[in-house]
>>> print(open('upload-v9.txt').read())   # compact mmCIF, C-alpha atoms
# COMPACT_ATOMS: atom_id res chain seq x y z
CA MET T 1 14.73 -23.73 1.62
CA GLU T 2 15.68 -20.11 1.07
CA GLU T 3 15.88 -18.51 4.48
CA TYR T 4 13.77 -15.36 4.53
CA TYR T 5 13.46 -15.34 8.32
CA ASP T 6 15.42 -16.21 11.38
CA LYS T 7 13.53 -18.72 13.49
CA GLU T 8 12.76 -16.25 16.29
CA THR T 9 11.16 -13.69 13.95
CA LEU T 10 9.11 -16.33 12.15
CA ASN T 11 7.81 -17.66 15.46
CA LYS T 12 6.89 -14.13 16.50
CA VAL T 13 5.01 -13.53 13.24
CA GLN T 14 3.11 -16.80 13.65
CA LYS T 15 2.19 -15.93 17.22
CA ALA T 16 0.90 -12.49 16.18
CA GLN T 17 -1.19 -14.00 13.38
CA ALA T 18 -2.57 -16.66 15.70
CA GLU T 19 -3.74 -13.92 18.06
CA ILE T 20 -5.59 -12.25 15.19
CA LEU T 21 -7.21 -15.56 14.34
CA LYS T 22 -8.28 -16.07 17.95
CA ASP T 23 -10.02 -12.69 17.95
CA VAL T 24 -11.72 -13.51 14.64
CA LEU T 25 -12.88 -16.90 15.90
CA ASP T 26 -14.19 -15.39 19.13
CA LEU T 27 -16.22 -12.84 17.17
CA CYS T 28 -17.50 -15.50 14.78
CA GLU T 29 -18.55 -17.77 17.64
CA ARG T 30 -20.52 -14.98 19.31
CA TYR T 31 -22.26 -14.04 16.05
CA LYS T 32 -22.66 -17.65 14.85
CA ILE T 33 -20.58 -17.02 11.73
CA ASP T 34 -18.86 -19.95 10.03
CA THR T 35 -15.21 -19.60 9.08
CA PHE T 36 -12.56 -22.21 8.35
CA PRO T 37 -8.84 -22.44 7.48
CA ILE T 38 -8.16 -23.12 3.80
CA PHE T 39 -5.17 -23.78 1.51
CA GLY T 40 -1.90 -24.05 3.45
CA SER T 41 -3.62 -23.17 6.72
CA MET T 42 -5.99 -26.11 6.35
CA LEU T 43 -3.00 -28.30 5.53
CA GLY T 44 -1.23 -26.99 8.64
CA VAL T 45 -4.20 -27.95 10.80
CA VAL T 46 -4.37 -31.48 9.38
CA ARG T 47 -0.66 -32.25 9.14
CA HIS T 48 0.89 -30.15 11.92
CA GLN T 49 -1.99 -29.17 14.23
CA GLY T 50 -0.98 -25.56 13.67
CA PHE T 51 1.16 -23.68 11.19
CA ILE T 52 3.16 -25.41 8.51
CA PRO T 53 6.55 -24.88 10.22
CA TRP T 54 7.94 -22.52 7.57
CA ASP T 55 4.64 -20.74 6.79
CA ASP T 56 4.03 -17.11 7.66
CA ASP T 57 0.37 -16.46 6.93
CA ILE T 58 -3.11 -17.65 7.81
CA ASP T 59 -5.81 -18.12 5.16
CA ILE T 60 -9.43 -18.48 6.20
CA GLY T 61 -12.55 -18.96 4.09
CA MET T 62 -16.07 -17.64 4.52
CA PHE T 63 -19.19 -18.00 2.44
CA ARG T 64 -20.32 -14.61 1.10
CA GLU T 65 -23.34 -14.28 3.37
CA ASP T 66 -21.19 -15.05 6.40
CA PHE T 67 -18.54 -12.55 5.32
CA VAL T 68 -21.15 -9.78 5.03
CA ARG T 69 -22.15 -10.43 8.64
CA PHE T 70 -18.53 -10.73 9.77
CA GLU T 71 -17.54 -7.43 8.14
CA LYS T 72 -20.38 -5.62 9.88
CA ALA T 73 -19.62 -7.21 13.27
CA ALA T 74 -15.85 -6.62 12.99
CA LYS T 75 -16.29 -2.94 12.14
CA LYS T 76 -18.58 -2.61 15.15
CA GLU T 77 -16.54 -4.53 17.73
CA LEU T 78 -12.92 -4.79 16.55
CA SER T 79 -12.30 -1.50 14.73
CA GLU T 80 -10.06 -0.09 17.45
CA LYS T 81 -7.62 -2.96 17.00
CA TYR T 82 -8.08 -4.17 13.42
CA GLU T 83 -8.92 -2.91 9.94
CA PHE T 84 -9.80 -4.32 6.53
CA LEU T 85 -7.47 -3.74 3.60
CA THR T 86 -9.14 -3.96 0.18
CA CYS T 87 -9.31 -1.79 -2.92
CA GLU T 88 -12.41 -0.23 -1.39
CA THR T 89 -10.61 0.85 1.79
CA ASN T 90 -7.36 1.89 0.06
CA SER T 91 -7.37 2.76 -3.64
CA ASN T 92 -3.64 2.02 -3.91
CA TYR T 93 -4.08 -1.61 -2.86
CA ALA T 94 -4.20 -3.74 -6.02
CA CYS T 95 -5.18 -7.24 -4.95
CA THR T 96 -8.43 -9.22 -4.88
CA VAL T 97 -7.74 -10.78 -1.46
CA THR T 98 -9.27 -9.22 1.65
CA HIS T 99 -6.70 -8.59 4.39
CA PHE T 100 -7.78 -8.30 8.01
CA GLN T 101 -4.84 -6.64 9.69
CA LYS T 102 -3.74 -5.37 13.07
CA LYS T 103 -3.41 -1.61 13.37
CA GLY T 104 -0.02 -0.24 14.38
CA THR T 105 1.90 -3.11 12.78
CA LYS T 106 3.68 -3.59 9.46
CA PHE T 107 4.28 -6.64 7.30
CA ILE T 108 5.75 -5.50 4.00
CA SER T 109 7.29 -7.91 1.52
CA TRP T 110 10.00 -7.10 -1.01
CA ASP T 111 7.30 -7.21 -3.70
CA GLU T 112 5.39 -4.42 -1.93
CA LYS T 113 8.17 -2.20 -0.65
CA ASP T 114 7.49 0.53 -3.24
CA CYS T 115 3.70 0.45 -2.88
CA ASN T 116 1.78 3.47 -1.64
CA TYR T 117 0.00 1.63 1.17
CA SER T 118 1.06 -0.05 4.37
CA ARG T 119 0.12 -3.64 5.06
CA GLY T 120 0.04 -4.71 8.69
CA ILE T 121 0.38 -8.15 10.23
CA PHE T 122 -2.68 -9.86 8.85
CA ILE T 123 -4.74 -12.88 8.02
CA ASP T 124 -6.25 -13.38 4.55
CA ILE T 125 -9.99 -13.86 4.08
CA PHE T 126 -11.07 -15.72 0.95
CA ILE T 127 -14.75 -15.32 0.17
CA TYR T 128 -16.76 -18.15 -1.37
CA ASP T 129 -19.23 -16.99 -4.04
CA HIS T 130 -21.61 -19.12 -6.09
CA LEU T 131 -20.16 -20.84 -9.12
CA ALA T 132 -22.10 -21.10 -12.38
CA ASP T 133 -23.87 -24.43 -12.86
CA GLY T 134 -23.27 -24.71 -16.62
CA TYR T 135 -19.90 -26.05 -17.80
CA LEU T 136 -19.15 -23.21 -20.23
CA ALA T 137 -20.47 -20.52 -17.89
CA ARG T 138 -18.31 -21.95 -15.13
CA LYS T 139 -15.19 -21.93 -17.33
CA TYR T 140 -15.96 -18.35 -18.36
CA GLN T 141 -16.37 -17.24 -14.74
CA TYR T 142 -13.06 -18.85 -13.79
CA ALA T 143 -11.23 -17.36 -16.79
CA VAL T 144 -12.53 -13.82 -16.39
CA THR T 145 -11.88 -13.63 -12.64
CA TRP T 146 -8.39 -15.10 -13.17
CA PHE T 147 -7.63 -12.49 -15.83
CA LEU T 148 -9.05 -9.60 -13.80
CA GLY T 149 -7.11 -10.68 -10.73
CA ARG T 150 -3.81 -10.53 -12.58
CA LEU T 151 -4.74 -7.32 -14.34
CA LEU T 152 -5.57 -5.80 -10.97
CA TYR T 153 -2.14 -6.73 -9.62
CA LEU T 154 -0.42 -5.11 -12.59
CA SER T 155 -2.50 -1.96 -12.16
CA GLY T 156 -0.74 -1.36 -8.83
CA ASP T 157 2.86 -0.73 -7.83
CA ALA T 158 3.82 -4.13 -6.45
CA THR T 159 6.68 -5.94 -8.16
CA PRO T 160 5.51 -9.21 -9.73
CA PHE T 161 7.44 -12.24 -8.54
CA ILE T 162 8.43 -14.11 -11.72
CA PRO T 163 9.65 -17.68 -11.04
CA TYR T 164 11.65 -17.95 -14.28
CA LYS T 165 15.19 -17.27 -15.42
CA GLY T 166 16.94 -16.03 -18.52
CA ALA T 167 15.04 -15.14 -21.69
CA LYS T 168 11.73 -16.44 -20.39
CA LYS T 169 11.92 -14.18 -17.36
CA ARG T 170 12.84 -11.17 -19.50
CA LEU T 171 9.90 -11.86 -21.81
CA VAL T 172 7.43 -12.04 -18.92
CA GLU T 173 8.90 -8.87 -17.41
CA PHE T 174 8.46 -7.09 -20.76
CA ILE T 175 4.83 -8.22 -21.03
CA CYS T 176 4.07 -7.08 -17.47
CA HIS T 177 5.70 -3.72 -18.08
CA THR T 178 3.79 -3.23 -21.34
CA VAL T 179 0.46 -4.07 -19.67
CA ARG T 180 1.26 -1.67 -16.82
CA VAL T 181 2.03 1.18 -19.18
CA GLY T 182 -1.16 0.48 -21.14
CA LEU T 183 -3.31 0.56 -18.00
CA ARG T 184 -1.86 3.92 -17.00
CA ILE T 185 -2.36 5.41 -20.46
CA LEU T 186 -5.98 4.25 -20.47
CA HIS T 187 -6.51 5.49 -16.88
CA ILE T 188 -7.67 2.07 -15.73
CA THR T 189 -7.37 2.19 -11.94
CA PRO T 190 -7.28 -0.69 -9.44
CA ILE T 191 -10.73 0.10 -8.08
CA LYS T 192 -12.31 -0.14 -11.55
CA ILE T 193 -10.82 -3.60 -12.08
CA TYR T 194 -11.66 -4.70 -8.54
CA ARG T 195 -15.32 -3.78 -8.92
CA LYS T 196 -15.52 -5.65 -12.21
CA PHE T 197 -13.92 -8.66 -10.52
CA GLN T 198 -16.48 -8.49 -7.72
CA LYS T 199 -19.33 -8.28 -10.20
CA VAL T 200 -18.23 -11.40 -12.09
CA SER T 201 -17.46 -13.30 -8.86
CA GLN T 202 -20.92 -12.57 -7.42
CA ARG T 203 -22.87 -12.97 -10.67
CA TYR T 204 -24.64 -16.17 -9.55
CA ASN T 205 -25.12 -15.44 -5.86
CA HIS T 206 -28.82 -14.67 -6.37
CA LYS T 207 -29.35 -18.10 -7.98
CA GLN T 208 -27.91 -20.17 -5.11
CA THR T 209 -26.11 -22.57 -7.45
CA GLU T 210 -24.79 -25.98 -6.42
CA TYR T 211 -21.10 -25.08 -5.92
CA CYS T 212 -19.24 -22.16 -4.35
CA ALA T 213 -15.63 -21.14 -5.00
CA PRO T 214 -13.12 -18.53 -3.72
CA PHE T 215 -12.41 -16.60 -6.92
CA ASP T 216 -9.66 -14.57 -5.25
CA ALA T 217 -7.60 -17.78 -4.84
CA THR T 218 -4.84 -18.80 -7.24
CA MET T 219 -6.72 -21.99 -8.16
CA PRO T 220 -10.37 -21.43 -7.18
CA TRP T 221 -11.48 -24.65 -8.91
CA ALA T 222 -9.36 -26.70 -6.51
CA SER T 223 -11.25 -25.33 -3.49
CA ALA T 224 -14.74 -25.26 -5.01
CA MET T 225 -17.27 -27.21 -2.99
CA LYS T 226 -20.92 -27.77 -2.22
CA LYS T 227 -21.99 -26.39 1.13
CA SER T 228 -23.48 -29.77 1.89
CA ASP T 229 -19.99 -31.29 1.52
CA ALA T 230 -18.56 -28.86 4.07
CA TYR T 231 -21.05 -29.48 6.87
CA PRO T 232 -20.99 -30.55 9.58
CA MET T 233 -17.53 -29.09 10.06
CA GLU T 234 -14.94 -30.91 12.15
CA LYS T 235 -13.28 -29.51 15.26
CA ARG T 236 -9.46 -29.67 15.07
CA ASP T 237 -6.54 -28.45 17.19
CA PHE T 238 -4.57 -25.42 16.06
CA MET T 239 -1.67 -24.67 18.39
CA ASP T 240 -3.25 -24.03 21.83
CA PHE T 241 -6.80 -23.48 20.58
CA TYR T 242 -9.09 -25.08 18.02
CA VAL T 243 -10.65 -24.34 14.64
CA HIS T 244 -13.31 -25.97 12.45
CA ILE T 245 -12.51 -27.34 9.01
CA PRO T 246 -14.89 -28.60 6.30
CA ARG T 247 -15.63 -32.31 6.59
CA ASN T 248 -14.45 -32.72 2.98
CA ALA T 249 -11.00 -31.32 3.83
CA ASP T 250 -9.25 -34.46 2.56
CA GLN T 251 -10.83 -34.03 -0.88
CA ILE T 252 -9.89 -30.34 -1.05
CA LEU T 253 -6.31 -30.86 0.15
CA THR T 254 -5.77 -33.73 -2.29
CA ARG T 255 -6.90 -31.55 -5.22
CA ILE T 256 -4.56 -28.75 -4.17
CA PHE T 257 -1.48 -30.61 -2.89
CA GLY T 258 -1.78 -34.23 -4.03
CA ASP T 259 -0.19 -36.41 -1.32
CA TYR T 260 -0.51 -33.64 1.23
CA MET T 261 0.83 -35.60 4.20
CA LYS T 262 4.22 -35.86 2.48
CA LEU T 263 6.59 -32.98 3.21
CA PRO T 264 7.75 -31.07 0.11
CA PRO T 265 11.47 -30.87 -0.75
CA GLU T 266 13.31 -28.12 1.10
CA ASP T 267 13.62 -25.87 -1.97
CA LYS T 268 9.80 -25.80 -2.22
CA ARG T 269 9.25 -24.71 1.39
CA VAL T 270 8.68 -21.05 0.64
CA ASN T 271 6.97 -18.14 2.35
CA HIS T 272 6.70 -14.38 1.89
CA ARG T 273 9.83 -12.34 1.37
CA PRO T 274 9.73 -9.91 4.31
CA TYR T 275 11.20 -6.46 3.74
CA LEU T 276 9.90 -4.79 6.90
CA ILE T 277 8.13 -6.25 9.93
CA GLU T 278 6.98 -4.17 12.89
CA PHE T 279 5.01 -5.73 15.73
CA GLY T 280 3.71 -2.46 17.18
CA GLU T 281 3.31 -1.82 20.87
CA GLU T 282 4.09 -5.43 21.76
CA GLU T 283 7.66 -5.25 20.40
>>> encode(input="upload-v9.txt", output="structure tokens")
Amino acid sequence: MEEYYDKETLNKVQKAQAEILKDVLDLCERYKIDTFPIFGSMLGVVRHQGFIPWDDDIDIGMFREDFVRFEKAAKKELSEKYEFLTCETNSNYACTVTHFQKKGTKFISWDEKDCNYSRGIFIDIFIYDHLADGYLARKYQYAVTWFLGRLLYLSGDATPFIPYKGAKKRLVEFICHTVRVGLRILHITPIKIYRKFQKVSQRYNHKQTEYCAPFDATMPWASAMKKSDAYPMEKRDFMDFYVHIPRNADQILTRIFGDYMKLPPEDKRVNHRPYLIEFGEEE
């Protein structure tokens, strides 16, 4: 594993993120809002009863109607301590994922060090929208949101992480640079792409289709599910508190990770590449 952190700093980051999650869960419990760990965070709950040891973020999911209620409640009760980071709250932020971050902190990766916004210590919120029922409509919705998500990233200033070497890496870098230049020439801003992404993601919400999916995820199809498959959710330990996970967690984790109880090789145990971390008043 490439060491991006010393053990003490990683533990401190995990503790800070866990405190954010506790505050989110407390708010959700009081307002009867459902939220659940997903992706690596769900895997951490099942396999480690907490964080994956080398992980440095928390991903939670919410169905759209629950997120609308959560956003309103959080702005009312937690705004002194936390803030949302989206394209709507900061026009320089070029990412589909909603960050819920602690004010007065910083968590900036090498990819984002030249960006004109400051990301704090955060948890990611992935919002489940309704997925088209028809096969072709579903494929189209996946393809368009995937394309818009990557286009949005290139419309910003973050440096794309390209996991290739040699000529292949240079080719991808050239394509990314060309797309970036084109977006600037055409005056296509992050907020324009983000709003188009939101429109396509939420296209079927009024129809209440059978499946929901988090279109801001890397592989939304792997986490798509029926609400009826998620409930009743199961109570599980997470460090010194507890969370709820969908009852079909095994199915979701198998689609994403395969044999998820098996530890990956050390060179695959990756996390963010921290450039600057500030813990705020608690440092």
>>> residues_around(input="upload-v9.txt", residues="Ala217 of chain T", least_positions_apart="2", cutoff="10 Å", atoms="all atoms listed in the file", output="ChimeraX atom specification")
/T:39,96-97,126-128,145-146,149,213-215,219-223
>>> closest_residue(input="upload-v9.txt", among="T:Tyr211, T:Ile277, T:Asp229, T:Gln14", to="Tyr135 of chain T", atoms="all atoms listed in the file")
T:Tyr211
>>> atom_distance(input="upload-v9.txt", atom1="atom CA of Tyr93 of chain T", atom2="atom CA of Gly156 of chain T")
6.8 Å
>>> closest_residue(input="upload-v9.txt", among="T:Cys176, T:Leu253, T:Val181, T:Ala74", to="Phe161 of chain T", atoms="only C-alpha atoms")
T:Cys176
>>> closest_residue(input="upload-v9.txt", among="T:Ile38, T:Ile191, T:Val243, T:Leu171", to="Thr86 of chain T", atoms="all atoms listed in the file")
T:Ile191
>>> closest_residue(input="upload-v9.txt", among="T:Thr218, T:Asp26, T:Ile20, T:Phe67", to="Lys81 of chain T", atoms="all atoms listed in the file")
T:Ile20
>>> closest_residue(input="upload-v9.txt", among="T:Thr209, T:Ser155, T:Gln101, T:Arg170", to="Ile185 of chain T", atoms="all atoms listed in the file")
T:Ser155
>>> residues_near_point(input="upload-v9.txt", point="(-9.3, -5.7, 14.1)", cutoff="10 Å", atoms="all atoms listed in the file", output="PyMOL selection string")
chain T and resi 20+23-24+74-84+100-103+122
>>> atom_distance(input="upload-v9.txt", atom1="atom CA of Asp259 of chain T", atom2="atom CA of Gln49 of chain T")
17.2 Å
>>> closest_residue(input="upload-v9.txt", among="T:His187, T:Ile123, T:Pro232, T:Asp216", to="Arg150 of chain T", atoms="all atoms listed in the file")
T:Asp216
>>> atom_distance(input="upload-v9.txt", atom1="atom CA of Met42 of chain T", atom2="atom CA of His130 of chain T")
21.2 Å
>>> axis_aligned_box(input="upload-v9.txt", around="segment 102-111 of chain T", padding_each_side="8 Å", output="JSON")
{"center_x": 3.1, "center_y": -4.1, "center_z": 5.3, "size_x": 29.7, "size_y": 23.7, "size_z": 34.1}
>>> residues_around(input="upload-v9.txt", residues="Glu281 of chain T", least_positions_apart="2", cutoff="12 Å", atoms="all atoms listed in the file", output="VMD selection string")
chain T and resid 16 81 102 to 106 278 to 279 283
>>> residues_around(input="upload-v9.txt", residues="Ile58 of chain T", least_positions_apart="4", cutoff="7 Å", atoms="all atoms listed in the file", output="list of chain:residue names")
T:Gln17, T:Ser41, T:Ile123, T:Asp124
>>> decode(input="upload-v9.txt", residues="segment 17-28 of chain T", atoms="N, CA, C and O atoms", output="compact mmCIF listing (two decimals), in the first residue's frame")
# COMPACT_ATOMS: atom_id res chain seq x y z
N GLN T 17 -14.32 12.32 11.16
CA GLN T 17 -15.42 11.96 10.28
C GLN T 17 -16.51 11.19 11.03
O GLN T 17 -17.71 11.37 10.76
N ALA T 18 -16.11 10.35 11.96
CA ALA T 18 -17.08 9.63 12.77
C ALA T 18 -17.93 10.58 13.60
O ALA T 18 -19.13 10.36 13.79
N GLU T 19 -17.33 11.66 14.08
CA GLU T 19 -18.09 12.65 14.84
C GLU T 19 -19.12 13.35 13.95
O GLU T 19 -20.24 13.64 14.40
N ILE T 20 -18.75 13.61 12.70
CA ILE T 20 -19.72 14.19 11.76
C ILE T 20 -20.88 13.22 11.56
O ILE T 20 -22.05 13.60 11.60
N LEU T 21 -20.54 11.96 11.36
CA LEU T 21 -21.58 10.95 11.15
C LEU T 21 -22.50 10.85 12.36
O LEU T 21 -23.73 10.72 12.21
N LYS T 22 -21.96 10.91 13.55
CA LYS T 22 -22.79 10.86 14.76
C LYS T 22 -23.80 12.00 14.76
O LYS T 22 -24.98 11.80 15.08
N ASP T 23 -23.35 13.19 14.42
CA ASP T 23 -24.25 14.35 14.39
C ASP T 23 -25.33 14.17 13.33
O ASP T 23 -26.49 14.54 13.53
N VAL T 24 -24.94 13.62 12.18
CA VAL T 24 -25.91 13.36 11.11
C VAL T 24 -26.94 12.33 11.55
O VAL T 24 -28.15 12.51 11.36
N LEU T 25 -26.48 11.26 12.17
CA LEU T 25 -27.38 10.20 12.62
C LEU T 25 -28.32 10.69 13.71
O LEU T 25 -29.50 10.32 13.75
N ASP T 26 -27.82 11.53 14.59
CA ASP T 26 -28.66 12.09 15.65
C ASP T 26 -29.78 12.94 15.04
O ASP T 26 -30.94 12.82 15.44
N LEU T 27 -29.42 13.77 14.08
CA LEU T 27 -30.42 14.60 13.41
C LEU T 27 -31.44 13.73 12.68
O LEU T 27 -32.65 13.97 12.76
N CYS T 28 -30.95 12.72 11.97
CA CYS T 28 -31.84 11.84 11.22
C CYS T 28 -32.78 11.07 12.13
O CYS T 28 -33.95 10.86 11.80
